[in-house]
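Novice: Handing you a structure now.
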Amino acid sequence: EPKGTRPVLRTPRADQYRRQALGLYQDLERLSRGADQGRSQMIRRDEVLFFLGSTLNDMGQGKAAVPAFEELTTKFPSSSRVFAARLALADLYFGTAQFTKAIPHYLRVAAGEGAPQGAEEEIANLRSYSLYKLAWCYVNTGAYPKAVLAFQRTLESSKNGSSEQRVAFEKEALNDLARAFALAGQFSEGEAWFESSGYGSAELLEQFRRNVADI
C-alpha cells in the first residue's frame with residue numbers, strides 16, 4: 001500500500017512554532033465566520049482554512065484538519081488553495097481507510113482541477129501520484145477493473161513526469177497492475193498488455209502469471 005512521502009520536521013522548536021501558528025489560525029477562523037467571511041477585517045477565509053488544516057495535519061491531527069479542508073474545497077472552489085487542499089483531504093481519507101470518500105478527490109486532482117498556473121512539472125508528478133492512490137482506492141473497494149485502468153493511466157502519466165524516483169515508481173505500479181489484472185479476472189487481457197506494453201520485461205510477465213496462479 002502506498003505511503004505518503006512528504007517529510008515533516010519534528011523538533012521541539014518547530015512544534016512550538018506550529019502551536020503558535022495554530023492558535024493564530026484558530027483565532028482567524030473564528031473571526032472569519034459569519035456572512036462576510038472576514039472580508040470586513042481583511043481576512044481571507046479560504047487562506048485561513050488552508051493553513052489551519054495544514055498546520056493541524058502537520059501536527060498529526062489529521063481528523064481535526066478534515067473539516068477545514070472540506071469547507072475550503074466545497075465553499076471556495078475558485079481559491080488558489082483548492083488543489084493542494086483537495087490532495088491533502090484525499091490523503092487523509094486514504095490514510096483512514098475511507099477510500100470511497102478519497103476517490104472523487106483523487107479524480108479531480110488527477111484531472112488538474114484547480115491546479116495553479118506555472119507549476120506544470122509538479123502537477124505532472126502529482127497527477128501520477130493521485131492516479132496511483134486512486135488505483136489503490138479501487139483495489140481496496142473491490143473495483144478491480146477500475147483499478148486496472150487507473151494503474152494503466154498512472155504509467156501513462158508518469159512518462160510526463162520528471163521525478164528522480166520515476167523508475168522505482170513505475171516498477172511498483174507495474175507490479176501492482178499485474179496483480180490488479182489478476183484480481184479483475186482479466187487474464188488474457190493482462191497477458192496481452194504485458195506482452196505489448198513496451199516495458200520489455202519478461203520478469204513482469206512472469207510476475208503477472210504468478211499472480212494469476214495465486215488467485
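Ligands are numbered from 1 in the order shown, chains are lettered A, B, ... in the order of the C-alpha cells, and residues start at 1 in each chain.
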Write out as a ChimeraX atom specification which residues come within 9 Å of A:Met59 when counting only C-alpha atoms, dropping same-chain ones fewer than 5 positions away.

Specialist: /A:10,15,18-19,54

Novice: If you count only C-alpha atoms, which residues fall within 8 Å of A:Thr141, apart from same-chain ones fewer than 2 positions away, as a list of chain:residue names?

Specialist: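 Residues meeting the cut-off are A:Phe99, A:Thr100, A:Cys137, A:Tyr138, A:Val139, A:Ala143.
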
Novice: Name the residues in contact with stretch 154-159 of chain A at a cut-off of 8 Å, using only C-alpha atoms, excluding same-chain residues fewer than 6 positions from it; report them as a list in words.

Specialist: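 Once the adjacent positions are removed, what remains is Ala124, Asn125, Arg127, Ser128, Tyr129, Leu131, Tyr132, Arg166, Glu170, Ala173 and Leu174 of chain A.
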
Novice: Could you give me, as a Markdown table, every stretch 94-187 of chain A residue with an atom at most 12 Å from stretch 67-74 of chain A, plus its closest atom pair and distance in Å to one decimal, counting only C-alpha atoms, rows ordered by chain then number?

Specialist:
| residue | atom | partner | partner_atom | distance |
| --- | --- | --- | --- | --- |
| A:Lys101 | CA | A:Glu70 | CA | 11.2 |
| A:Ala102 | CA | A:Glu70 | CA | 11.7 |
| A:Pro104 | CA | A:Thr73 | CA | 11.8 |
| A:His105 | CA | A:Thr73 | CA | 9.5 |
| A:Arg108 | CA | A:Thr73 | CA | 11.0 |
| A:Val109 | CA | A:Thr73 | CA | 11.7 |
| A:Glu113 | CA | A:Thr73 | CA | 11.2 |
| A:Gly114 | CA | A:Thr73 | CA | 9.9 |

Novice: Can you tell me which residues surround A:Gly112 at a distance of at most 10 Å, considering only C-alpha atoms, apart from same-chain residues fewer than 4 positions away, and format the answer as a compact mmCIF listing (two decimals) with C-alpha atoms, in the first residue's frame?

Specialist:
# COMPACT_ATOMS: atom_id res chain seq x y z
CA PHE A 83 -5.80 21.96 -5.43
CA TYR A 106 -8.07 11.94 -6.33
CA LEU A 107 -10.05 12.02 -9.57
CA ARG A 108 -10.23 15.81 -9.51
CA PRO A 116 -2.06 26.59 -10.07
CA GLU A 120 3.40 22.04 -14.81
CA ILE A 123 1.38 18.98 -11.37
CA ALA A 124 2.51 16.17 -13.70
CA LEU A 126 1.08 14.88 -8.57
CA ARG A 127 -1.19 13.59 -11.33

Novice: Please provide the set of residues having any atom within 8 Å of A:Glu191, restricted to only C-alpha atoms, with same-chain residues fewer than 3 positions apart removed, written as a list in words.

Specialist: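 So, after excluding close chain neighbours, the residues are Phe187, Ser188, Phe194, Glu195, Leu205, Phe208 and Arg209 of chain A.
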
Novice: Any idea what's packed within 12 Å of A:Leu24, counting only C-alpha atoms, ignoring anything in its chain fewer than 3 positions away? Could you give it as a JSON list (two decimals) with N, CA and C atoms, in the first residue's frame?

Specialist:
[["chain", "number", "residue", "atom", "x", "y", "z"],
["A", 17, "TYR", "N", 6.56, 26.51, 17.25],
["A", 17, "TYR", "CA", 6.09, 27.42, 16.22],
["A", 17, "TYR", "C", 4.74, 26.98, 15.66],
["A", 18, "ARG", "N", 4.59, 25.66, 15.49],
["A", 18, "ARG", "CA", 3.32, 25.16, 14.97],
["A", 18, "ARG", "C", 2.18, 25.45, 15.94],
["A", 19, "ARG", "N", 2.44, 25.27, 17.21],
["A", 19, "ARG", "CA", 1.39, 25.56, 18.20],
["A", 19, "ARG", "C", 1.01, 27.03, 18.19],
["A", 20, "GLN", "N", 2.01, 27.90, 18.07],
["A", 20, "GLN", "CA", 1.74, 29.34, 18.00],
["A", 20, "GLN", "C", 0.94, 29.67, 16.73],
["A", 21, "ALA", "N", 1.35, 29.07, 15.62],
["A", 21, "ALA", "CA", 0.64, 29.31, 14.36],
["A", 21, "ALA", "C", -0.78, 28.78, 14.44],
["A", 27, "ASP", "N", -7.82, 31.61, 15.83],
["A", 27, "ASP", "CA", -8.41, 32.93, 16.08],
["A", 27, "ASP", "C", -8.97, 33.54, 14.79],
["A", 28, "LEU", "N", -8.19, 33.44, 13.71],
["A", 28, "LEU", "CA", -8.63, 33.99, 12.44],
["A", 28, "LEU", "C", -9.85, 33.23, 11.89],
["A", 29, "GLU", "N", -9.88, 31.94, 12.13],
["A", 29, "GLU", "CA", -11.04, 31.15, 11.68],
["A", 29, "GLU", "C", -12.30, 31.62, 12.38],
["A", 30, "ARG", "N", -12.22, 31.88, 13.68],
["A", 30, "ARG", "CA", -13.38, 32.36, 14.43],
["A", 30, "ARG", "C", -13.80, 33.75, 13.93],
["A", 31, "LEU", "N", -12.81, 34.61, 13.67],
["A", 31, "LEU", "CA", -13.11, 35.97, 13.21],
["A", 31, "LEU", "C", -13.72, 35.99, 11.81],
["A", 48, "VAL", "N", -7.14, 31.10, 5.45],
["A", 48, "VAL", "CA", -7.14, 30.69, 6.86],
["A", 48, "VAL", "C", -7.45, 29.20, 6.98],
["A", 49, "LEU", "N", -8.46, 28.74, 6.26],
["A", 49, "LEU", "CA", -8.84, 27.33, 6.32],
["A", 49, "LEU", "C", -7.71, 26.43, 5.84],
["A", 51, "PHE", "N", -4.38, 27.04, 5.83],
["A", 51, "PHE", "CA", -3.26, 26.98, 6.76],
["A", 51, "PHE", "C", -3.66, 26.36, 8.10],
["A", 52, "LEU", "N", -4.91, 26.50, 8.48],
["A", 52, "LEU", "CA", -5.39, 25.84, 9.69],
["A", 52, "LEU", "C", -5.34, 24.32, 9.48],
["A", 55, "THR", "N", -1.67, 23.05, 9.20],
["A", 55, "THR", "CA", -0.97, 23.04, 10.49],
["A", 55, "THR", "C", -1.45, 21.88, 11.35]]
